[in-house]
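A.B. asks: For reference, this is final_25.cif, and it has mmCIF, C-alpha atoms and all ligand atoms.
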data_protein
#
loop_
_atom_site.label_atom_id
_atom_site.label_comp_id
_atom_site.auth_asym_id
_atom_site.auth_seq_id
_atom_site.Cartn_x
_atom_site.Cartn_y
_atom_site.Cartn_z
CA MET A 1 0.00 0.00 0.00
CA THR A 2 0.98 3.61 -0.38
CA VAL A 3 0.69 6.78 1.65
CA GLU A 4 -0.70 9.54 -0.56
CA GLU A 5 -1.79 13.14 -0.21
CA VAL A 6 -5.35 13.93 -1.23
CA THR A 7 -7.94 16.63 -0.72
CA TRP A 8 -10.54 14.98 1.44
CA ASP A 9 -14.21 15.86 1.01
CA TYR A 10 -16.03 15.36 4.31
CA SER A 11 -19.34 15.80 2.52
CA THR A 12 -18.64 12.90 0.10
CA GLY A 13 -19.81 14.95 -2.84
CA SER A 14 -23.21 15.80 -1.39
CA VAL A 15 -24.90 19.17 -1.76
CA ILE A 16 -23.76 20.11 1.72
CA ARG A 17 -20.52 21.95 1.06
CA LYS A 18 -20.04 23.84 4.31
CA THR A 19 -20.48 23.19 8.00
CA PRO A 20 -23.31 24.94 9.86
CA SER A 21 -20.78 27.59 10.89
CA GLY A 22 -19.73 28.13 7.27
CA ASP A 23 -16.39 26.29 7.22
CA PRO A 24 -15.57 24.41 4.00
CA LEU A 25 -15.79 20.63 4.11
CA ASN A 26 -12.60 20.03 2.08
CA ALA A 27 -9.18 19.65 3.66
CA PRO A 28 -5.76 18.18 2.79
CA LYS A 29 -5.25 14.67 4.12
CA THR A 30 -2.84 11.78 3.86
CA ILE A 31 -4.40 8.36 3.31
CA PHE A 32 -3.32 4.76 2.77
CA ARG A 33 -4.23 3.22 -0.57
CA ARG A 34 -3.97 -0.41 -1.52
CA TYR A 35 -2.51 -1.58 -4.84
CA GLN A 36 -2.60 -4.95 -6.52
CA ASP A 37 0.85 -4.77 -8.11
CA ALA A 38 4.37 -4.40 -6.77
CA ALA A 39 4.94 -1.17 -8.73
CA PHE A 40 1.90 0.49 -7.10
CA THR A 41 0.26 1.40 -10.42
CA GLN A 42 -3.11 -0.37 -10.10
CA PRO A 43 -5.09 0.78 -7.06
CA ILE A 44 -7.69 -1.52 -5.53
CA THR A 45 -11.05 0.17 -5.10
CA SER A 46 -11.92 0.24 -1.45
CA ASP A 47 -15.28 -0.08 0.25
CA PRO A 48 -16.73 3.48 0.19
CA ARG A 49 -18.06 2.99 3.72
CA LEU A 50 -14.48 2.90 4.96
CA GLY A 51 -14.08 6.54 3.96
CA TRP A 52 -10.51 7.63 4.40
CA LEU A 53 -9.49 4.50 6.28
CA GLY A 54 -6.73 2.47 4.72
CA PRO A 55 -7.28 -1.15 3.70
CA MET A 56 -8.37 -3.56 6.40
CA ILE A 57 -5.43 -5.84 7.05
CA ARG A 58 -6.61 -9.26 8.24
CA ALA A 59 -4.62 -12.01 9.92
CA GLU A 60 -5.20 -14.95 12.21
CA VAL A 61 -3.17 -15.52 15.34
CA GLY A 62 0.16 -17.19 14.58
CA GLU A 63 0.44 -15.61 11.13
CA THR A 64 3.04 -13.14 9.90
CA ILE A 65 1.94 -10.05 7.99
CA VAL A 66 4.27 -8.41 5.48
CA ILE A 67 3.35 -4.88 4.41
CA HIS A 68 5.06 -2.98 1.60
CA LEU A 69 4.64 0.71 2.38
CA ASN A 70 5.41 3.14 -0.42
CA ASN A 71 5.55 6.77 0.60
CA ARG A 72 4.14 9.03 -2.11
CA ALA A 73 3.66 11.96 0.21
CA SER A 74 5.95 14.95 -0.02
CA HIS A 75 7.52 14.39 3.41
CA SER A 76 8.94 11.55 5.43
CA GLN A 77 6.36 9.73 7.54
CA LYS A 78 6.50 7.54 10.59
CA TRP A 79 4.40 4.40 10.51
CA THR A 80 3.09 2.93 13.77
CA LEU A 81 1.00 -0.06 14.76
CA GLU A 82 -0.78 0.33 18.08
CA ALA A 83 -0.74 -3.30 19.14
CA PRO A 84 1.12 -5.21 21.87
CA PHE A 85 2.76 -7.31 19.16
CA GLY A 86 3.50 -4.47 16.74
CA PRO A 87 6.95 -3.14 15.88
CA LEU A 88 8.17 -1.40 19.01
CA THR A 89 9.61 1.55 17.12
CA ASP A 90 8.08 3.78 14.46
CA GLN A 91 9.09 2.82 10.92
CA LEU A 92 10.52 5.78 9.03
CA MET A 93 9.13 6.08 5.52
CA VAL A 94 11.23 8.22 3.19
CA PRO A 95 9.43 9.82 0.18
CA ASN A 96 9.46 7.70 -3.01
CA ASN A 97 10.77 4.69 -1.12
CA THR A 98 9.22 1.42 -0.06
CA THR A 99 9.52 0.30 3.55
CA ILE A 100 8.78 -3.33 4.37
CA VAL A 101 7.19 -4.06 7.73
CA HIS A 102 6.90 -7.56 9.23
CA ILE A 103 4.34 -8.19 11.95
CA LYS A 104 4.21 -11.54 13.73
CA VAL A 105 0.84 -12.00 15.41
CA PRO A 106 1.44 -14.21 18.46
CA LEU A 107 -0.73 -17.25 19.07
CA ASP A 108 -2.02 -15.77 22.32
CA ALA A 109 -2.87 -12.35 20.85
CA LEU A 110 -6.57 -12.86 21.53
CA LYS A 111 -6.31 -14.70 24.85
CA THR A 112 -8.85 -12.73 26.83
CA SER A 113 -9.73 -14.65 29.96
CA GLY A 114 -12.80 -13.11 31.52
CA GLN A 115 -14.12 -11.87 28.19
CA PRO A 116 -17.39 -13.27 26.96
CA LEU A 117 -17.39 -15.80 24.17
CA GLY A 118 -17.57 -14.20 20.79
CA ASP A 119 -14.76 -11.67 20.98
CA ARG A 120 -12.68 -13.81 18.70
CA SER A 121 -11.52 -10.92 16.56
CA ALA A 122 -10.09 -7.55 17.54
CA PRO A 123 -9.10 -4.29 15.84
CA TYR A 124 -5.77 -2.48 16.14
CA LEU A 125 -4.91 0.93 14.73
CA TYR A 126 -2.13 1.49 12.22
CA SER A 127 -1.30 5.06 11.30
CA THR A 128 1.29 7.60 10.29
CA ASN A 129 2.25 10.71 12.23
CA THR A 130 0.34 12.68 9.55
CA SER A 131 -2.90 10.89 10.45
CA ALA A 132 -3.19 8.40 7.64
CA GLU A 133 -4.93 5.54 9.42
CA GLY A 134 -6.44 2.11 9.04
CA LEU A 135 -7.28 -1.00 11.01
CA LEU A 136 -5.53 -4.34 11.41
CA LEU A 137 -8.03 -7.05 12.30
CA VAL A 138 -6.77 -10.11 14.17
CA TYR A 139 -8.84 -13.31 14.28
CA ASP A 140 -8.73 -16.54 16.18
CA LYS A 141 -7.63 -19.68 14.34
CA GLY A 142 -10.06 -20.80 11.67
CA ILE A 143 -12.26 -17.71 11.62
CA LEU A 144 -10.97 -16.17 8.39
CA ASP A 145 -11.65 -19.41 6.47
CA GLU A 146 -15.03 -19.61 8.12
CA LEU A 147 -15.95 -16.06 7.04
CA HIS A 148 -15.82 -17.09 3.40
CA HIS A 149 -18.68 -19.52 3.89
CA PRO A 150 -22.24 -18.25 3.39
CA HIS A 151 -23.33 -19.26 6.90
CA SER A 152 -20.45 -18.27 9.11
CA ALA A 153 -20.79 -19.26 12.74
CA PHE A 154 -19.54 -15.84 13.82
CA PHE A 155 -20.94 -12.86 11.89
CA ASP A 156 -22.21 -11.88 8.45
CA GLN A 157 -20.59 -8.50 8.01
CA GLU A 158 -17.92 -6.34 9.60
CA MET A 159 -18.16 -2.58 10.01
CA PRO A 160 -15.01 -0.76 11.10
CA VAL A 161 -15.52 2.76 12.43
CA VAL A 162 -12.77 5.12 13.56
CA PHE A 163 -13.66 8.22 15.56
CA GLY A 164 -11.25 11.11 15.22
CA ASN A 165 -10.72 14.80 14.84
CA ARG A 166 -8.43 15.86 12.05
CA ASP A 167 -9.77 19.15 10.70
CA ARG A 168 -13.15 18.40 12.19
CA PHE A 169 -14.81 15.71 14.27
CA ASN A 170 -15.56 12.76 12.02
CA ILE A 171 -16.23 9.04 11.75
CA ASN A 172 -14.15 7.40 8.99
CA GLY A 173 -13.74 10.89 7.53
CA PHE A 174 -17.49 11.56 7.36
CA ALA A 175 -19.24 14.32 9.26
CA HIS A 176 -22.56 16.11 9.72
CA ASN A 177 -24.68 13.04 8.89
CA VAL A 178 -23.28 12.82 5.38
CA SER A 179 -21.77 9.46 4.48
CA PRO A 180 -22.23 6.67 1.96
CA GLN A 181 -25.32 4.87 3.17
CA LEU A 182 -24.38 2.13 5.60
CA THR A 183 -27.12 -0.35 4.84
CA PHE A 184 -27.66 -3.55 6.79
CA GLU A 185 -30.33 -6.17 6.41
CA ARG A 186 -32.59 -6.89 9.34
CA THR A 187 -31.29 -9.76 11.55
CA MET A 188 -27.93 -9.67 9.78
CA ARG A 189 -25.13 -10.23 12.30
CA ILE A 190 -22.89 -7.17 12.12
CA ARG A 191 -19.64 -7.00 14.02
CA TRP A 192 -18.69 -3.36 14.63
CA TYR A 193 -15.01 -2.59 15.23
CA LEU A 194 -14.68 0.73 17.04
CA MET A 195 -11.55 2.80 17.47
CA SER A 196 -10.64 6.28 18.63
CA THR A 197 -7.62 8.02 17.15
CA VAL A 198 -5.88 10.98 18.71
CA SER A 199 -7.20 14.47 18.25
CA LYS A 200 -5.76 17.10 15.93
CA PRO A 201 -2.55 18.87 16.92
CA TYR A 202 -3.03 22.00 18.98
CA ASN A 203 -0.09 24.25 19.91
CA ASP A 204 2.23 21.59 18.47
CA ARG A 205 0.89 18.92 20.75
CA VAL A 206 -1.57 16.13 20.08
CA TYR A 207 -4.23 15.69 22.73
CA PRO A 208 -6.09 12.41 22.95
CA ASP A 209 -9.88 12.40 22.90
CA ALA A 210 -12.34 9.94 24.34
CA HIS A 211 -15.62 9.36 22.52
CA SER A 212 -18.89 7.63 23.25
CA ALA A 213 -20.26 5.78 20.24
CA HIS A 214 -24.06 5.81 20.32
CA TRP A 215 -26.47 4.00 18.03
CA HIS A 216 -30.04 5.14 17.59
CA GLY A 217 -32.66 2.52 16.74
CA ASN A 218 -30.80 -0.67 17.60
CA THR A 219 -28.62 -2.09 20.35
CA VAL A 220 -25.35 -4.02 20.46
CA LEU A 221 -23.87 -6.75 22.61
CA TRP A 222 -20.63 -5.45 24.11
CA LYS A 223 -18.57 -7.38 26.66
CA GLY A 224 -21.66 -9.38 27.55
CA HIS A 225 -23.84 -6.30 28.08
CA ARG A 226 -26.78 -5.13 25.98
CA VAL A 227 -26.02 -1.44 25.34
CA ASP A 228 -26.51 1.36 22.82
CA VAL A 229 -23.42 3.34 23.89
CA VAL A 230 -19.81 2.13 23.86
CA ASP A 231 -17.07 4.28 25.37
CA LEU A 232 -13.92 4.69 23.30
CA LEU A 233 -10.65 5.57 24.96
CA PRO A 234 -7.85 6.72 22.64
CA LYS A 235 -6.46 3.88 20.51
CA VAL A 236 -8.27 1.15 22.45
CA GLY A 237 -10.22 -1.01 20.03
CA GLN A 238 -13.69 -2.27 20.92
CA VAL A 239 -15.87 -5.00 19.42
CA ALA A 240 -19.67 -4.75 19.44
CA ASP A 241 -22.15 -7.16 17.84
CA MET A 242 -25.45 -5.94 16.42
CA GLN A 243 -28.35 -7.89 15.03
CA PRO A 244 -30.67 -5.06 14.00
CA ASP A 245 -34.40 -5.63 14.18
CA ASN A 246 -35.57 -2.04 13.86
CA LEU A 247 -36.10 -0.94 10.26
CA GLY A 248 -35.31 2.61 9.21
CA SER A 249 -32.59 5.21 8.92
CA TRP A 250 -30.81 5.85 12.22
CA LEU A 251 -28.16 8.15 13.61
CA PHE A 252 -24.83 6.82 14.78
CA HIS A 253 -22.85 9.51 16.56
CA CYS A 254 -20.57 10.52 19.40
CA HIS A 255 -22.44 11.47 22.54
CA VAL A 256 -19.94 14.09 23.71
CA SER A 257 -21.86 17.30 23.08
CA GLU A 258 -19.02 19.33 21.59
CA HIS A 259 -18.10 16.47 19.24
CA MET A 260 -21.67 15.89 18.12
CA GLN A 261 -22.13 19.59 17.39
CA GLY A 262 -18.78 19.48 15.57
CA GLY A 263 -20.19 16.95 13.11
CA MET A 264 -19.28 13.57 14.64
CA SER A 265 -22.46 11.96 13.40
CA ILE A 266 -23.38 9.68 10.50
CA LYS A 267 -26.38 7.51 9.55
CA TYR A 268 -26.96 3.81 9.06
CA GLU A 269 -29.98 2.11 7.57
CA VAL A 270 -31.70 -1.17 8.33
CA THR A 271 -33.72 -2.70 5.50
CA GLU A 272 -35.83 -5.78 5.03
CA GLY A 273 -33.13 -7.18 2.79
CA TRP A 274 -34.93 -10.22 1.42
CA ALA A 275 -37.68 -8.02 -0.02
CA TRP A 276 -35.71 -5.87 -2.40
CA GLN A 277 -33.35 -8.70 -3.26
CA GLU A 278 -36.32 -10.37 -4.87
CA GLY A 279 -37.21 -7.20 -6.74
CA ASP A 280 -40.48 -6.45 -4.97
CA GLU A 281 -39.61 -3.28 -3.06
CA GLY A 282 -42.98 -1.83 -4.01
CA ASP A 283 -44.71 -4.45 -1.86
CA GLU A 284 -46.40 -2.80 1.10
CA ASN A 285 -45.78 -5.79 3.30
CA ALA A 286 -42.08 -5.61 2.62
CA GLU A 287 -41.98 -1.93 3.62
CA GLY A 288 -43.83 -2.59 6.84
CA GLY A 289 -41.59 -5.42 7.95
CU CU A 301 -16.47 12.23 20.64
#
Is it possible to give me this structure as structure tokens?
C.D. replies:
Amino acid sequence: MTVEEVTWDYSTGSVIRKTPSGDPLNAPKTIFRRYQDAAFTQPITSDPRLGWLGPMIRAEVGETIVIHLNNRASHSQKWTLEAPFGPLTDQLMVPNNTTIVHIKVPLDALKTSGQPLGDRSAPYLYSTNTSAEGLLLVYDKGILDELHHPHSAFFDQEMPVVFGNRDRFNINGFAHNVSPQLTFERTMRIRWYLMSTVSKPYNDRVYPDAHSAHWHGNTVLWKGHRVDVVDLLPKVGQVADMQPDNLGSWLFHCHVSEHMQGGMSIKYEVTEGWAWQEGDEGDENAEGG
């Protein structure tokens, strides 16, 4: 993958071009981008719901990950993985050079005695000092193979969300309720991976923020508790499982007042998936659930 400089559009091309206070919704940003070839000429289209997040890197415990990082930004970058098994020092990425990072995921990476059953995957944050960021997902043995089967024993879909404040409060780079529609089918088993990155630099220092992720309309199972709010401390990943049964379009936002007012709010939608799959979305019964 590469690190590249882009102009990020927080409004994702919608008609909303400014914040309520009149600030523009475009800002310079560095991002990770995945390529399918060694020369980094053919980018791989990423899931639009991931926003500015880099590619999801997936590995099972006991595996070794090798990442080729090509720095296309104008300055040197430091690459960091916030994980107990990550490289202990930042990796310096010089412009127009490729840095190779090896990560050995230990067999006991997910040993979580006291945790409820089900937390058999976990998110970790990888980033640069210029706020390019993405998630590494670690799974227990056998889960990645299992996920390729139509009836996985674990979950049907994964939804990574990173709460942060670069030029404004955002979730995956989206703000003010504008995002690609996150659409889930009713009763689908969705595993949310939640992460908080550090806040934007202020007076040359970076201050960490805590967030409280709050879902309207549906609840999640988190550490054995049925909740609709999950607290996010800086760079501590959380796993929450949702099986939505409430149809409609719902807010998903941070509950800290200043953050919410600053735009840290997006929407997700729950549909009666089987109905429109069969091409009968005009059916009243399908709409009513
Ligand atoms: Cu917040």
A.B. asks: Residues up to 12 Å from ligand CU 301 (chain A), counting only C-alpha atoms and all ligand atoms: could you list those as a PyMOL selection string?
C.D. replies: chain A and resi 162-165+168-171+175+195-199+208-214+229-234+252-265
A.B. asks: One number please: atom CA of A:Val270 to atom CA of A:Lys235, in Å, one decimal.
C.D. replies: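 Interatomic distance, atom CA of A:Val270 to atom CA of A:Lys235: 28.5 Å.
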A.B. asks: Quick one: 3 Å padding each side, axis-aligned, all listed atoms of stretch 232-247 of chain A - centre and edge lengths in Å to one decimal, as AutoDock Vina command-line options?
C.D. replies:
--center_x -21.3 --center_y -0.6 --center_z 17.6 --size_x 35.6 --size_y 20.6 --size_z 20.7
A.B. asks: Write out as an mmCIF file with C-alpha atoms, in the frame of the given file which residues come within 9 Å of A:Asn70 when counting only C-alpha atoms, dropping same-chain ones fewer than 5 positions away.
C.D. replies:
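The result, stored in result24.cif:
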data_model
loop_
_atom_site.group_PDB
_atom_site.id
_atom_site.type_symbol
_atom_site.label_atom_id
_atom_site.label_comp_id
_atom_site.auth_asym_id
_atom_site.auth_seq_id
_atom_site.Cartn_x
_atom_site.Cartn_y
_atom_site.Cartn_z
ATOM 1 C CA MET A 1 0.000 0.000 0.000
ATOM 2 C CA THR A 2 0.980 3.610 -0.380
ATOM 3 C CA VAL A 3 0.690 6.780 1.650
ATOM 4 C CA GLU A 4 -0.700 9.540 -0.560
ATOM 5 C CA PHE A 40 1.900 0.490 -7.100
ATOM 6 C CA MET A 93 9.130 6.080 5.520
ATOM 7 C CA VAL A 94 11.230 8.220 3.190
ATOM 8 C CA PRO A 95 9.430 9.820 0.180
ATOM 9 C CA ASN A 96 9.460 7.700 -3.010
ATOM 10 C CA ASN A 97 10.770 4.690 -1.120
ATOM 11 C CA THR A 98 9.220 1.420 -0.060
ATOM 12 C CA THR A 99 9.520 0.300 3.550
ATOM 13 C CA ILE A 100 8.780 -3.330 4.370
#
A.B. asks: Pick out the residues sitting within 8 Å of stretch 147-157 of chain A, and hand them over as an MDAnalysis selection string; count all atoms listed in the file, and ignore anything fewer than 3 positions along from it in its own chain.
C.D. replies: chainID A and resid 118 143:144 188:191
A.B. asks: Of the residues A:Val138, A:Leu81, A:Ile65, A:Leu221, which is the one nearest to A:Leu125, using only C-alpha atoms?
C.D. replies: A:Leu81
A.B. asks: For a quick check of understanding, using only C-alpha atoms, which of A:Leu247, A:Val61, A:Leu92, A:Leu53 has the smallest distance to A:Ser131?
C.D. replies: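 Result for the nearest residue to A:Ser131: A:Leu53.
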A.B. asks: Given the choices A:Val105, A:Leu137, A:Met159, A:Ile266, which gets closest to A:Arg120 if the distance is worked out from only C-alpha atoms?
C.D. replies: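 Checking each candidate against A:Arg120, we get A:Leu137 as the closest.
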A.B. asks: One number please: atom CA of A:Leu50 to atom CA of A:Pro87, in Å, one decimal.
C.D. replies: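 Going from atom CA of A:Leu50 over to atom CA of A:Pro87 covers 24.8 Å.
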